[in-house]
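Each remark here refers to the structure printed beneath this line.
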Amino acid sequence: MSELTREQVLLDYVKGDRDFRLLDLSGIQLSGVNLSQADFTGADLTGADLSGAHLRGAVFNAAVLRGANLCYADLTGAALNAADLNQAQLAEATLNEASLAIADLIEANLNRARLREADLQGANLTRATLRGATLFRANLVEAIFIEADLSRTYLRVAHLAYVNFNMANLREATLYDANLSQGDLVMADFTGARLFSANLHEANLRFANLGEADLTGADLTGANLTGADLANADLTQAMLDRANLTRANVAGANFAGASLHGARLAQVHPAAMLNAD
């Protein structure tokens with residue numbers, strides 16, 4: 001049970017007291033309020049209702065927001081490093097330039113959330129949903145998205161080196177110029193994804209689905225595409241030097257101008273590789 005009521009929190013804030021560190025505010029109702037720049041470091045906000053709240057620049061480092069409602073909240077520039085946001089509701093929240101490094105967001109709902117240039121390095125988003133979310137130029141290095149739903153997510157120029165997308169859904173996602181080098185993408189679904197000029201250097205794409213994906217100019221040097229489905233994918237001008245395409249399905253894939261020096265093509269039907277040199 002919360003140590004403070006909604007009225008007490010708002011009164012303290014109006015008086016200039018922004019320090020709510022380490023307080024038990026579990027279940028508190030703060031929807032639609034303005035608590036910008038407030039400090040909730042280490043506070044317990046389990047199940048709290050902060051939907052539509054103005055929280056620009058607020059600090060939630062190491063706070064517990066498990067199951068909290070933050071839908072439509074404005075968390076621009078907020079700090080949520082190492083926060084517990086498991087099963088939190090963040091649909092259509094604004095988290096542009098927010099910092100969520102090593103935060104736990106397991107099974108969190110981030111559908112249509114705005115995370116432009118946000119820092120989620122090392123964050124755990126296992127089974128989270130991010131359908132239609134915007135992560136332009138976000139830092140997702142070493143982030144974990146196992147079985148997460150990122151369909152139609154906008155990840156242009158995102159930093160995704162060493163990311164874990166194992167069994168994630170990235171159907172029709174936009175990843176132009178994104179850096180997924182050395183990422184773990186086993187059994188990920190990139191059907192219809194836009195990976196134009198993406199960096200997939202030495203990425204692990206074993207049994208990934210890249211059917212109808214746009215990989216024009218992508219760097220797949222040294223990538224592991226064993227058993228991957230590349231049916232009808234566009235690999236025009238792609239770099240596939242030293243890539244492992246053993247047992248890959250390349251039916252209808254366009255390899256015009258692609259570089260395949262040293263690529264492994266065991267059990268691949270060359271006739272199915274359109275325009276391959």
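Every chain in the structure tokens takes a letter, A first, then B, and so on in the order presented; its residues are numbered from 1, and the ligands are numbered from 1 following the presented order.
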Practice problem: May I have the residues within 7 Å of A:Ala118 as an MDAnalysis selection string, using only C-alpha atoms and disregarding those fewer than 5 positions away in the same chain? | Solution: chainID A and resid 95:99 138:139
Exercise. From a DSSP pass on the backbone, collect the residues of stretch 6-50 of chain A flagged as alpha helix (DSSP H) and hand them back as a PyMOL selection string.
Key: chain A and resi 6-14
Could you write out the selected residues, including N, CA, C and O atoms, as an mmCIF file, in the first residue's frame?
```cif
data_model
loop_
_atom_site.group_PDB
_atom_site.id
_atom_site.type_symbol
_atom_site.label_atom_id
_atom_site.label_comp_id
_atom_site.auth_asym_id
_atom_site.auth_seq_id
_atom_site.Cartn_x
_atom_site.Cartn_y
_atom_site.Cartn_z
ATOM 1 N N ARG A 6 -2.274 10.332 -3.586
ATOM 2 C CA ARG A 6 -2.116 11.162 -4.786
ATOM 3 C C ARG A 6 -2.025 12.632 -4.388
ATOM 4 O O ARG A 6 -1.160 13.377 -4.868
ATOM 5 N N GLU A 7 -2.900 13.046 -3.490
ATOM 6 C CA GLU A 7 -2.935 14.456 -3.081
ATOM 7 C C GLU A 7 -1.638 14.873 -2.391
ATOM 8 O O GLU A 7 -1.128 15.980 -2.607
ATOM 9 N N GLN A 8 -1.081 13.991 -1.558
ATOM 10 C CA GLN A 8 0.175 14.309 -0.866
ATOM 11 C C GLN A 8 1.329 14.438 -1.857
ATOM 12 O O GLN A 8 2.168 15.340 -1.718
ATOM 13 N N VAL A 9 1.376 13.527 -2.834
ATOM 14 C CA VAL A 9 2.439 13.604 -3.839
ATOM 15 C C VAL A 9 2.355 14.910 -4.613
ATOM 16 O O VAL A 9 3.365 15.613 -4.800
ATOM 17 N N LEU A 10 1.152 15.275 -5.037
ATOM 18 C CA LEU A 10 0.986 16.499 -5.825
ATOM 19 C C LEU A 10 1.274 17.738 -4.990
ATOM 20 O O LEU A 10 1.855 18.711 -5.486
ATOM 21 N N LEU A 11 0.889 17.721 -3.718
ATOM 22 C CA LEU A 11 1.161 18.866 -2.848
ATOM 23 C C LEU A 11 2.661 19.034 -2.642
ATOM 24 O O LEU A 11 3.191 20.155 -2.726
ATOM 25 N N ASP A 12 3.365 17.946 -2.391
ATOM 26 C CA ASP A 12 4.819 18.016 -2.235
ATOM 27 C C ASP A 12 5.470 18.548 -3.506
ATOM 28 O O ASP A 12 6.389 19.389 -3.450
ATOM 29 N N TYR A 13 4.980 18.090 -4.651
ATOM 30 C CA TYR A 13 5.560 18.510 -5.929
ATOM 31 C C TYR A 13 5.357 20.000 -6.154
ATOM 32 O O TYR A 13 6.277 20.719 -6.562
ATOM 33 N N VAL A 14 4.163 20.485 -5.864
ATOM 34 C CA VAL A 14 3.867 21.916 -6.038
ATOM 35 C C VAL A 14 4.747 22.763 -5.115
ATOM 36 O O VAL A 14 5.181 23.857 -5.477
#
```
Quiz item: Contacts of stretch 65-71 of chain A at 12 Å or less, counting only C-alpha atoms, minus same-chain residues fewer than 4 places along, as a PyMOL selection string?
Solution: chain A and resi 24-33+40-55+60-61+75+80-95+103-114
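Across the structure, atom CA of A:Leu120 and atom CA of A:Leu205 are spaced 22.3 Å apart.
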Quiz item: Closest to A:Arg152 among A:Thr134, A:Asn209, A:Ser259, A:Gln237, using only C-alpha atoms?
Solution: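 Selected residue with least distance to A:Arg152: A:Thr134.
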Exercise. Would you kindly return, as a PyMOL selection string, each protein, DNA or RNA residue with an atom no farther than 7 Å from any atom of A:Leu265, considering only C-alpha atoms and excluding same-chain residues fewer than 4 positions away?
Key: chain A and resi 244-246
Quiz prompt | Selection near A:Val250, 8 Å with only C-alpha atoms, sequence-local residues under 3 positions removed, as a PyMOL selection string | solution = chain A and resi 229-233+253+268-269+272-273
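Among A:Leu185, A:Leu180, A:Ala193, A:Ala63, the residue with the shortest atom-to-atom distance to A:Asn224, counting only C-alpha atoms, is A:Leu185.
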Self-check item: Separation of atom CA of A:Arg171 from atom CA of A:Phe207 in Å
Solution: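 One can read the atom CA of A:Phe207 to atom CA of A:Arg171 distance as 14.9 Å.
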Which neighbours of A:Asn204 fall inside 7 Å, counting only C-alpha atoms, when residues of the same chain fewer than 3 positions from it are skipped, and could you give them as a PDB file with C-alpha atoms, in the first residue's frame?
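Saved to result.pdb:
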```
ATOM      1  CA  GLN A 182      27.164 -10.365 -34.635  1.00  0.00           C
ATOM      2  CA  GLY A 183      23.529 -10.444 -33.566  1.00  0.00           C
ATOM      3  CA  ASP A 184      21.857 -13.669 -32.489  1.00  0.00           C
ATOM      4  CA  LEU A 185      18.874 -13.941 -34.852  1.00  0.00           C
ATOM      5  CA  VAL A 186      18.154 -17.661 -34.797  1.00  0.00           C
ATOM      6  CA  ALA A 223      26.818 -14.482 -41.624  1.00  0.00           C
ATOM      7  CA  ASN A 224      25.406 -17.881 -40.728  1.00  0.00           C
ATOM      8  CA  LEU A 225      22.324 -18.456 -42.902  1.00  0.00           C
TER       9      LEU A 225
END
```
Practice problem: For atom CA of A:Ala248 and atom CA of A:Thr216, quote the distance in Å rounded to one decimal. | Solution: 18.0 Å
Quiz item: Quick one: residues within 8 Å of A:Thr153, only C-alpha atoms counted, chain neighbours fewer than 5 positions away excluded, as number ranges by chain?
Solution: A: 130-135, 170, 172-174
Quiz prompt | Nearest residue to A:Asp219 from the set A:Ala238, A:Ala79, A:Ala128, A:Leu160 (distances using only C-alpha atoms) | solution =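 Going through A:Ala238, A:Ala79, A:Ala128, A:Leu160 one by one, the smallest distance to A:Asp219 is for A:Ala238.
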Exercise. Please return as a ChimeraX atom specification: the residues of stretch 59-143 of chain A that backbone DSSP assigns to strand (DSSP E or B).
Key: /A:59,64,69,74,79,84,89,94,99,104,109,114,119,124,129,134,139
Quiz item: Pick the closest to A:Ser181 from A:Gly262, A:Gly211, A:Gly217, A:Gly222: which is it, counting only C-alpha atoms?
Solution: A:Gly222
